[in-house]
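K.L.:
Next up, entry19.cif (mmCIF, C-alpha atoms).
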```cif
data_coords
loop_
_atom_site.label_atom_id
_atom_site.label_comp_id
_atom_site.auth_asym_id
_atom_site.auth_seq_id
_atom_site.Cartn_x
_atom_site.Cartn_y
_atom_site.Cartn_z
CA ASP S 1 -25.84 -25.01 -1.26
CA SER S 2 -25.15 -25.61 2.45
CA GLY S 3 -28.81 -25.91 3.41
CA VAL S 4 -28.57 -22.86 5.69
CA THR S 5 -30.72 -19.94 4.60
CA GLN S 6 -30.36 -16.31 5.61
CA THR S 7 -32.65 -13.37 4.96
CA PRO S 8 -32.45 -10.71 3.80
CA LYS S 9 -29.52 -10.93 1.43
CA HIS S 10 -28.85 -7.19 1.58
CA LEU S 11 -29.93 -4.57 4.06
CA ILE S 12 -29.31 -0.84 3.88
CA THR S 13 -30.26 1.32 6.83
CA ALA S 14 -29.31 4.47 8.68
CA THR S 15 -27.33 5.06 11.86
CA GLY S 16 -29.36 4.70 15.03
CA GLN S 17 -31.78 2.21 13.49
CA ARG S 18 -32.53 -1.38 14.47
CA VAL S 19 -32.54 -4.40 12.18
CA THR S 20 -33.24 -8.12 12.47
CA LEU S 21 -31.37 -10.77 10.54
CA ARG S 22 -32.91 -14.21 10.18
CA CYS S 23 -31.33 -17.63 9.84
CA SER S 24 -32.82 -21.05 9.20
CA PRO S 25 -30.43 -23.91 10.01
CA ARG S 26 -30.05 -27.13 8.07
CA SER S 27 -32.74 -29.67 8.79
CA GLY S 28 -31.78 -31.60 11.92
CA ASP S 29 -29.12 -29.16 13.13
CA LEU S 30 -29.62 -28.01 16.72
CA SER S 31 -26.83 -25.44 16.98
CA VAL S 32 -26.78 -22.03 15.35
CA TYR S 33 -23.80 -19.68 15.28
CA TRP S 34 -23.52 -16.05 14.23
CA TYR S 35 -20.37 -14.49 12.78
CA GLN S 36 -19.51 -10.98 11.63
CA GLN S 37 -17.08 -10.35 8.77
CA SER S 38 -15.74 -6.86 8.25
CA LEU S 39 -12.76 -5.69 6.22
CA ASP S 40 -10.70 -4.62 9.22
CA GLN S 41 -11.66 -7.36 11.72
CA GLY S 42 -12.00 -10.43 9.54
CA LEU S 43 -14.41 -13.20 10.55
CA GLN S 44 -15.44 -12.92 14.20
CA PHE S 45 -17.56 -15.31 16.22
CA LEU S 46 -20.49 -13.54 17.89
CA ILE S 47 -22.70 -16.07 19.62
CA GLN S 48 -23.91 -19.67 19.61
CA TYR S 49 -27.29 -21.16 20.46
CA TYR S 50 -28.02 -24.82 21.05
CA ASN S 51 -31.62 -26.02 21.03
CA GLY S 52 -32.91 -22.65 22.13
CA GLU S 53 -30.33 -21.92 24.80
CA GLU S 54 -27.32 -19.64 24.59
CA ARG S 55 -24.21 -21.85 24.58
CA ALA S 56 -21.21 -19.61 23.89
CA LYS S 57 -20.53 -15.93 23.50
CA GLY S 58 -17.81 -14.21 21.55
CA ASN S 59 -17.18 -10.59 20.65
CA ILE S 60 -20.83 -9.60 20.60
CA LEU S 61 -21.64 -5.98 21.43
CA GLU S 62 -24.27 -5.18 24.05
CA ARG S 63 -26.30 -3.47 21.29
CA PHE S 64 -26.60 -6.86 19.59
CA SER S 65 -28.75 -9.73 20.77
CA ALA S 66 -29.85 -13.06 19.39
CA GLN S 67 -32.31 -15.81 20.08
CA GLN S 68 -33.19 -19.25 18.81
CA PHE S 69 -36.85 -20.17 18.54
CA PRO S 70 -38.57 -23.53 19.17
CA ASP S 71 -38.51 -24.30 15.44
CA LEU S 72 -34.71 -23.75 15.68
CA HIS S 73 -34.53 -20.72 13.42
CA SER S 74 -32.52 -17.86 14.86
CA GLU S 75 -32.61 -14.08 14.71
CA LEU S 76 -29.81 -11.60 15.29
CA ASN S 77 -31.01 -8.18 16.40
CA LEU S 78 -28.73 -5.19 15.89
CA SER S 79 -29.77 -1.90 17.47
CA SER S 80 -28.50 1.68 17.67
CA LEU S 81 -26.60 0.95 14.51
CA GLU S 82 -23.30 2.67 13.82
CA LEU S 83 -21.32 3.04 10.61
CA GLY S 84 -18.84 0.48 11.91
CA ASP S 85 -21.54 -2.20 12.07
CA SER S 86 -21.52 -2.39 8.28
CA ALA S 87 -20.37 -5.92 7.54
CA LEU S 88 -21.33 -9.34 6.28
CA TYR S 89 -23.18 -11.37 8.89
CA PHE S 90 -23.01 -15.13 8.54
CA CYS S 91 -25.08 -17.74 10.23
CA ALA S 92 -23.84 -21.31 10.54
CA SER S 93 -25.40 -24.47 11.89
CA SER S 94 -24.18 -27.82 13.12
CA VAL S 95 -25.75 -31.00 14.44
CA VAL S 96 -24.76 -30.41 18.04
CA SER S 97 -21.75 -28.27 18.85
CA ASN S 98 -18.09 -28.37 19.76
CA THR S 99 -16.19 -30.14 17.03
CA ASP S 100 -19.07 -30.67 14.62
CA THR S 101 -18.70 -29.35 11.11
CA GLN S 102 -20.37 -25.97 10.75
CA TYR S 103 -22.34 -25.22 7.61
CA PHE S 104 -22.47 -21.55 6.69
CA GLY S 105 -25.23 -19.62 5.03
CA PRO S 106 -24.69 -17.14 2.20
CA GLY S 107 -24.67 -14.18 4.58
CA THR S 108 -26.52 -10.90 4.96
CA ARG S 109 -24.68 -7.79 3.84
CA LEU S 110 -25.55 -4.90 6.13
CA THR S 111 -24.76 -1.35 5.07
CA VAL S 112 -25.26 1.42 7.61
CA LEU S 113 -25.31 4.92 6.10
CA ASP Q 1 -8.22 -19.14 22.70
CA ALA Q 2 -5.38 -20.87 20.92
CA LYS Q 3 -4.16 -19.11 17.81
CA THR Q 4 -2.96 -20.24 14.41
CA THR Q 5 -0.38 -18.73 12.07
CA GLN Q 6 -0.63 -19.02 8.31
CA PRO Q 7 1.14 -17.36 5.37
CA ASN Q 8 -0.88 -14.45 4.01
CA SER Q 9 -0.84 -15.73 0.45
CA MET Q 10 0.33 -18.58 -1.75
CA GLU Q 11 0.35 -19.28 -5.45
CA SER Q 12 -0.12 -22.54 -7.24
CA ASN Q 13 -0.30 -23.79 -10.79
CA GLU Q 14 -3.39 -25.57 -11.98
CA GLU Q 15 -3.32 -29.38 -11.62
CA GLU Q 16 -0.33 -29.28 -9.28
CA PRO Q 17 -0.45 -30.22 -5.59
CA VAL Q 18 -0.67 -27.45 -3.01
CA HIS Q 19 0.58 -27.65 0.56
CA LEU Q 20 -0.90 -25.01 2.87
CA PRO Q 21 0.95 -24.82 6.20
CA CYS Q 22 -0.41 -23.82 9.59
CA ASN Q 23 1.36 -23.38 12.92
CA HIS Q 24 -0.53 -23.79 16.17
CA SER Q 25 2.12 -24.09 18.87
CA THR Q 26 -0.32 -23.35 21.74
CA ILE Q 27 -2.78 -26.10 20.80
CA SER Q 28 -4.33 -27.94 23.72
CA GLY Q 29 -5.08 -31.64 23.93
CA THR Q 30 -8.79 -31.19 23.23
CA ASP Q 31 -8.48 -28.80 20.29
CA TYR Q 32 -9.49 -30.15 16.91
CA ILE Q 33 -7.76 -28.74 13.83
CA HIS Q 34 -10.30 -27.55 11.28
CA TRP Q 35 -9.82 -26.14 7.81
CA TYR Q 36 -12.43 -24.02 6.12
CA ARG Q 37 -12.20 -22.07 2.92
CA GLN Q 38 -14.05 -19.03 1.67
CA LEU Q 39 -14.57 -18.52 -2.03
CA PRO Q 40 -15.18 -14.97 -3.24
CA SER Q 41 -18.62 -13.66 -2.25
CA GLN Q 42 -19.57 -16.82 -0.38
CA GLY Q 43 -19.76 -18.04 3.19
CA PRO Q 44 -16.99 -20.24 4.59
CA GLU Q 45 -17.07 -23.87 3.53
CA TYR Q 46 -15.84 -26.83 5.57
CA VAL Q 47 -12.85 -28.63 4.07
CA ILE Q 48 -11.51 -31.13 6.60
CA HIS Q 49 -10.70 -31.60 10.26
CA GLY Q 50 -8.67 -33.88 12.51
CA LEU Q 51 -7.36 -34.41 16.02
CA THR Q 52 -4.16 -36.43 15.91
CA SER Q 53 -4.09 -38.69 12.88
CA ASN Q 54 -3.81 -37.69 9.24
CA VAL Q 55 -7.17 -37.45 7.50
CA ASN Q 56 -8.32 -37.78 3.91
CA ASN Q 57 -11.58 -36.85 2.25
CA ARG Q 58 -12.76 -36.14 -1.26
CA MET Q 59 -11.63 -32.52 -1.06
CA ALA Q 60 -8.23 -32.71 0.57
CA SER Q 61 -5.83 -34.36 2.99
CA LEU Q 62 -4.77 -33.11 6.39
CA ALA Q 63 -1.31 -33.96 7.69
CA ILE Q 64 -0.85 -33.32 11.42
CA ALA Q 65 2.58 -33.18 13.01
CA GLU Q 66 3.31 -35.70 15.73
CA ASP Q 67 3.52 -32.96 18.38
CA ARG Q 68 0.35 -31.35 16.91
CA LYS Q 69 2.02 -27.95 16.83
CA SER Q 70 1.60 -27.68 13.08
CA SER Q 71 -0.49 -29.11 10.26
CA THR Q 72 -0.63 -29.00 6.48
CA LEU Q 73 -3.65 -28.97 4.21
CA ILE Q 74 -2.92 -30.76 0.96
CA LEU Q 75 -4.91 -30.17 -2.20
CA HIS Q 76 -3.80 -32.95 -4.49
CA ARG Q 77 -4.54 -31.25 -7.82
CA ALA Q 78 -5.39 -27.58 -7.62
CA THR Q 79 -8.09 -26.31 -9.94
CA LEU Q 80 -9.10 -22.73 -10.69
CA ARG Q 81 -12.14 -23.26 -8.46
CA ASP Q 82 -9.84 -23.85 -5.49
CA ALA Q 83 -8.82 -20.18 -5.47
CA ALA Q 84 -10.03 -19.00 -2.07
CA VAL Q 85 -8.97 -17.93 1.40
CA TYR Q 86 -8.10 -21.01 3.47
CA TYR Q 87 -8.52 -20.80 7.23
CA CYS Q 88 -6.81 -23.09 9.71
CA ILE Q 89 -8.80 -23.07 12.96
CA LEU Q 90 -8.50 -24.66 16.37
CA ALA Q 91 -11.99 -25.66 17.44
CA SER Q 92 -12.80 -26.02 21.08
CA GLY Q 93 -16.02 -25.44 22.95
CA GLY Q 94 -18.08 -24.92 19.83
CA LYS Q 95 -16.71 -21.66 18.54
CA LEU Q 96 -14.47 -21.26 15.53
CA ILE Q 97 -11.84 -18.56 15.96
CA PHE Q 98 -10.83 -17.49 12.46
CA GLY Q 99 -7.40 -15.99 11.79
CA GLN Q 100 -6.45 -14.07 8.67
CA GLY Q 101 -6.13 -17.20 6.53
CA THR Q 102 -4.05 -17.87 3.43
CA GLU Q 103 -5.24 -16.47 0.14
CA LEU Q 104 -4.55 -19.12 -2.48
CA SER Q 105 -4.36 -18.10 -6.11
CA VAL Q 106 -4.26 -20.72 -8.84
CA LYS Q 107 -2.66 -19.97 -12.18
CA PRO Q 108 -3.83 -21.72 -15.36
#
```
Would you mind writing the file out in structure tokens?
P.N.:
Amino acid sequence: DSGVTQTPKHLITATGQRVTLRCSPRSGDLSVYWYQQSLDQGLQFLIQYYNGEERAKGNILERFSAQQFPDLHSELNLSSLELGDSALYFCASSVVSNTDTQYFGPGTRLTVL
Amino acid sequence: DAKTTQPNSMESNEEEPVHLPCNHSTISGTDYIHWYRQLPSQGPEYVIHGLTSNVNNRMASLAIAEDRKSSTLILHRATLRDAAVYYCILASGGKLIFGQGTELSVKP
């Protein structure tokens, strides 16, 4: 158990819909990262937040957005969902950022029908 | 972002050492070399990381070439639970850029 929690574990929805994935970092960790893992693209970095502020951006689509709240939990919002958005979404946390070890949650499996 | 190259798959026998190679010829001076592994149906798990010197921890050892253009993750005695995809990553600026990794299978 990494100490990072993600909810829900599974999510099934339809194209065009909007969903919110939630992540609670390890106690004391200030940075939260979101990753997407699909069969054809592998593990891809989406975005990083540090203490409430966006710190780094990766291959995140404009239809996706994230935020980190004052209690340090984070949400990833996915809108106008397409079939290709079906994937595992992982959240990770670290103490600060850069070269710190990242601890990954168990993931949310999103299926778009 | 600097890239890494790893073999797609490797096989090992249980209780034997395993050497997982990684090439990173475009590494920059500030890039740390990280190794993570992903067991089936789980999120990635940190294994080890280093900058220039070889590193040891309870899970593995990391041998880094003098020119830093390659590194090797060493599992001293492979167990069946070590069967996973192992990712060699150059970490800079906070983000981990995962490659395809090496799928390690361990035979009893």
K.L.:
Restricting the calculation to all atoms listed in the file: of Q:Ala60, Q:Ala83, Q:Ile97, Q:Leu104, which residue gets closest to chain S?
P.N.:
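Of Q:Ala60, Q:Ala83, Q:Ile97, Q:Leu104, the one nearest chain S is Q:Ile97, counting all atoms listed in the file.
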K.L.:
Counting all atoms listed in the file, which residue out of Q:Asn8, Q:Ser53, Q:Ser105, Q:Thr26 sits closest to Ala78 in chain Q?
P.N.:
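Ranked by minimum distance to Ala78 in chain Q, first place goes to Q:Ser105.
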K.L.:
If the cut-off is 12 Å, can you tell me the residues of chain Q near chain S, counting only C-alpha atoms? I'd like them as a ChimeraX atom specification.
P.N.:
/Q:1,30-51,85,87,89-101
K.L.:
With C-alpha atoms kept, could you save the residues just selected as a PDB file, keeping the file's coordinate frame?
P.N.:
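Written out: out_5.pdb:
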```
ATOM      1  CA  ASP Q   1      -8.220 -19.140  22.700  1.00  0.00           C
ATOM      2  CA  THR Q  30      -8.790 -31.190  23.230  1.00  0.00           C
ATOM      3  CA  ASP Q  31      -8.480 -28.800  20.290  1.00  0.00           C
ATOM      4  CA  TYR Q  32      -9.490 -30.150  16.910  1.00  0.00           C
ATOM      5  CA  ILE Q  33      -7.760 -28.740  13.830  1.00  0.00           C
ATOM      6  CA  HIS Q  34     -10.300 -27.550  11.280  1.00  0.00           C
ATOM      7  CA  TRP Q  35      -9.820 -26.140   7.810  1.00  0.00           C
ATOM      8  CA  TYR Q  36     -12.430 -24.020   6.120  1.00  0.00           C
ATOM      9  CA  ARG Q  37     -12.200 -22.070   2.920  1.00  0.00           C
ATOM     10  CA  GLN Q  38     -14.050 -19.030   1.670  1.00  0.00           C
ATOM     11  CA  LEU Q  39     -14.570 -18.520  -2.030  1.00  0.00           C
ATOM     12  CA  PRO Q  40     -15.180 -14.970  -3.240  1.00  0.00           C
ATOM     13  CA  SER Q  41     -18.620 -13.660  -2.250  1.00  0.00           C
ATOM     14  CA  GLN Q  42     -19.570 -16.820  -0.380  1.00  0.00           C
ATOM     15  CA  GLY Q  43     -19.760 -18.040   3.190  1.00  0.00           C
ATOM     16  CA  PRO Q  44     -16.990 -20.240   4.590  1.00  0.00           C
ATOM     17  CA  GLU Q  45     -17.070 -23.870   3.530  1.00  0.00           C
ATOM     18  CA  TYR Q  46     -15.840 -26.830   5.570  1.00  0.00           C
ATOM     19  CA  VAL Q  47     -12.850 -28.630   4.070  1.00  0.00           C
ATOM     20  CA  ILE Q  48     -11.510 -31.130   6.600  1.00  0.00           C
ATOM     21  CA  HIS Q  49     -10.700 -31.600  10.260  1.00  0.00           C
ATOM     22  CA  GLY Q  50      -8.670 -33.880  12.510  1.00  0.00           C
ATOM     23  CA  LEU Q  51      -7.360 -34.410  16.020  1.00  0.00           C
ATOM     24  CA  VAL Q  85      -8.970 -17.930   1.400  1.00  0.00           C
ATOM     25  CA  TYR Q  87      -8.520 -20.800   7.230  1.00  0.00           C
ATOM     26  CA  ILE Q  89      -8.800 -23.070  12.960  1.00  0.00           C
ATOM     27  CA  LEU Q  90      -8.500 -24.660  16.370  1.00  0.00           C
ATOM     28  CA  ALA Q  91     -11.990 -25.660  17.440  1.00  0.00           C
ATOM     29  CA  SER Q  92     -12.800 -26.020  21.080  1.00  0.00           C
ATOM     30  CA  GLY Q  93     -16.020 -25.440  22.950  1.00  0.00           C
ATOM     31  CA  GLY Q  94     -18.080 -24.920  19.830  1.00  0.00           C
ATOM     32  CA  LYS Q  95     -16.710 -21.660  18.540  1.00  0.00           C
ATOM     33  CA  LEU Q  96     -14.470 -21.260  15.530  1.00  0.00           C
ATOM     34  CA  ILE Q  97     -11.840 -18.560  15.960  1.00  0.00           C
ATOM     35  CA  PHE Q  98     -10.830 -17.490  12.460  1.00  0.00           C
ATOM     36  CA  GLY Q  99      -7.400 -15.990  11.790  1.00  0.00           C
ATOM     37  CA  GLN Q 100      -6.450 -14.070   8.670  1.00  0.00           C
ATOM     38  CA  GLY Q 101      -6.130 -17.200   6.530  1.00  0.00           C
TER      39      GLY Q 101
END
```
K.L.:
Can you list, as a PyMOL selection string, the residues that the PyMOL selection byres ((chain S and resi 6) around 6) selects here?
P.N.:
chain S and resi 5+7+22-23
K.L.:
Please list as a list in words every residue within 8 Å of Arg109 in chain S, counting all atoms listed in the file and excluding residues in the same chain fewer than 6 positions away.
P.N.:
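Answer for this query is Lys9, His10, Leu11, Ser86, Ala87, Leu88 and Tyr89 of chain S.
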K.L.:
Go ahead and compute the interatomic distance for CA of Asn77 in chain S and CA of Gln36 in chain S, in Å to one decimal.
P.N.:
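Answer for the CA of Asn77 in chain S to CA of Gln36 in chain S separation: 12.8 Å.
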K.L.:
Can you work out the spacing between CA of Ile64 in chain Q and CA of Arg77 in chain Q in Å, to one decimal?
P.N.:
19.7 Å
K.L.:
Contacts of Val106 in chain Q at 6 Å or less, counting all atoms listed in the file, minus same-chain residues fewer than 5 places along, as a PyMOL selection string?
P.N.:
chain Q and resi 11-14+80+83
K.L.:
I need the residue nearest Ser70 in chain Q from this list: Q:Asn54, Q:Thr102, Q:Thr4, Q:Ser9. Use all atoms listed in the file for the distance.
P.N.:
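For Ser70 in chain Q, the nearest of the given residues is Q:Thr4.
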K.L.:
CA of Ala63 in chain Q and CA of Gly29 in chain Q are how many Å apart?
P.N.:
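For CA of Ala63 in chain Q relative to CA of Gly29 in chain Q, the distance reads 16.8 Å.
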K.L.:
Identify, on the basis of all atoms listed in the file, every residue whose closest approach to Leu83 in chain S does not exceed 12 Å; exclude the query and any residue fewer than 5 positions from it along the same chain; express the result as a tab-separated table (two decimals) with C-alpha atoms, in the frame of the given file.
P.N.:
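Contents of the output file selection_18.tsv:
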```tsv
chain	number	residue	atom	x	y	z
S	12	ILE	CA	-29.31	-0.84	3.88
S	13	THR	CA	-30.26	1.32	6.83
S	14	ALA	CA	-29.31	4.47	8.68
S	15	THR	CA	-27.33	5.06	11.86
S	16	GLY	CA	-29.36	4.70	15.03
S	17	GLN	CA	-31.78	2.21	13.49
S	38	SER	CA	-15.74	-6.86	8.25
S	110	LEU	CA	-25.55	-4.90	6.13
S	111	THR	CA	-24.76	-1.35	5.07
S	112	VAL	CA	-25.26	1.42	7.61
S	113	LEU	CA	-25.31	4.92	6.10
```
K.L.:
Apply the PyMOL selection byres ((chain S and resi 30) around 10) to the file shown and report the selected residues as a ChimeraX atom specification.
P.N.:
/S:25-29,31-32,49-52,68,71-73,93-97
K.L.:
Which residue is closest to Pro21 in chain Q? Choose from Q:Lys3, Q:Arg58, Q:Leu73, Q:Thr52 and count all atoms listed in the file.
P.N.:
Q:Leu73
K.L.:
Could you tell me which residues the PyMOL selection byres ((chain Q and resi 75) around 9) returns for this structure, as a PyMOL selection string?
P.N.:
chain Q and resi 16-20+59-61+73-74+76-78+82
K.L.:
Those same residues, written as a PDB file, in the frame of the given file with C-alpha atoms?
P.N.:
```
ATOM      1  CA  GLU Q  16      -0.330 -29.280  -9.280  1.00  0.00           C
ATOM      2  CA  PRO Q  17      -0.450 -30.220  -5.590  1.00  0.00           C
ATOM      3  CA  VAL Q  18      -0.670 -27.450  -3.010  1.00  0.00           C
ATOM      4  CA  HIS Q  19       0.580 -27.650   0.560  1.00  0.00           C
ATOM      5  CA  LEU Q  20      -0.900 -25.010   2.870  1.00  0.00           C
ATOM      6  CA  MET Q  59     -11.630 -32.520  -1.060  1.00  0.00           C
ATOM      7  CA  ALA Q  60      -8.230 -32.710   0.570  1.00  0.00           C
ATOM      8  CA  SER Q  61      -5.830 -34.360   2.990  1.00  0.00           C
ATOM      9  CA  LEU Q  73      -3.650 -28.970   4.210  1.00  0.00           C
ATOM     10  CA  ILE Q  74      -2.920 -30.760   0.960  1.00  0.00           C
ATOM     11  CA  HIS Q  76      -3.800 -32.950  -4.490  1.00  0.00           C
ATOM     12  CA  ARG Q  77      -4.540 -31.250  -7.820  1.00  0.00           C
ATOM     13  CA  ALA Q  78      -5.390 -27.580  -7.620  1.00  0.00           C
ATOM     14  CA  ASP Q  82      -9.840 -23.850  -5.490  1.00  0.00           C
TER      15      ASP Q  82
END
```
K.L.:
Under the rule that all atoms listed in the file are counted, which of Q:Glu103, Q:Ile27, Q:Ala84, Q:Asn56 is the nearest residue to Pro7 in chain Q?
P.N.:
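Among the listed residues, the smallest separation from Pro7 in chain Q belongs to Q:Glu103.
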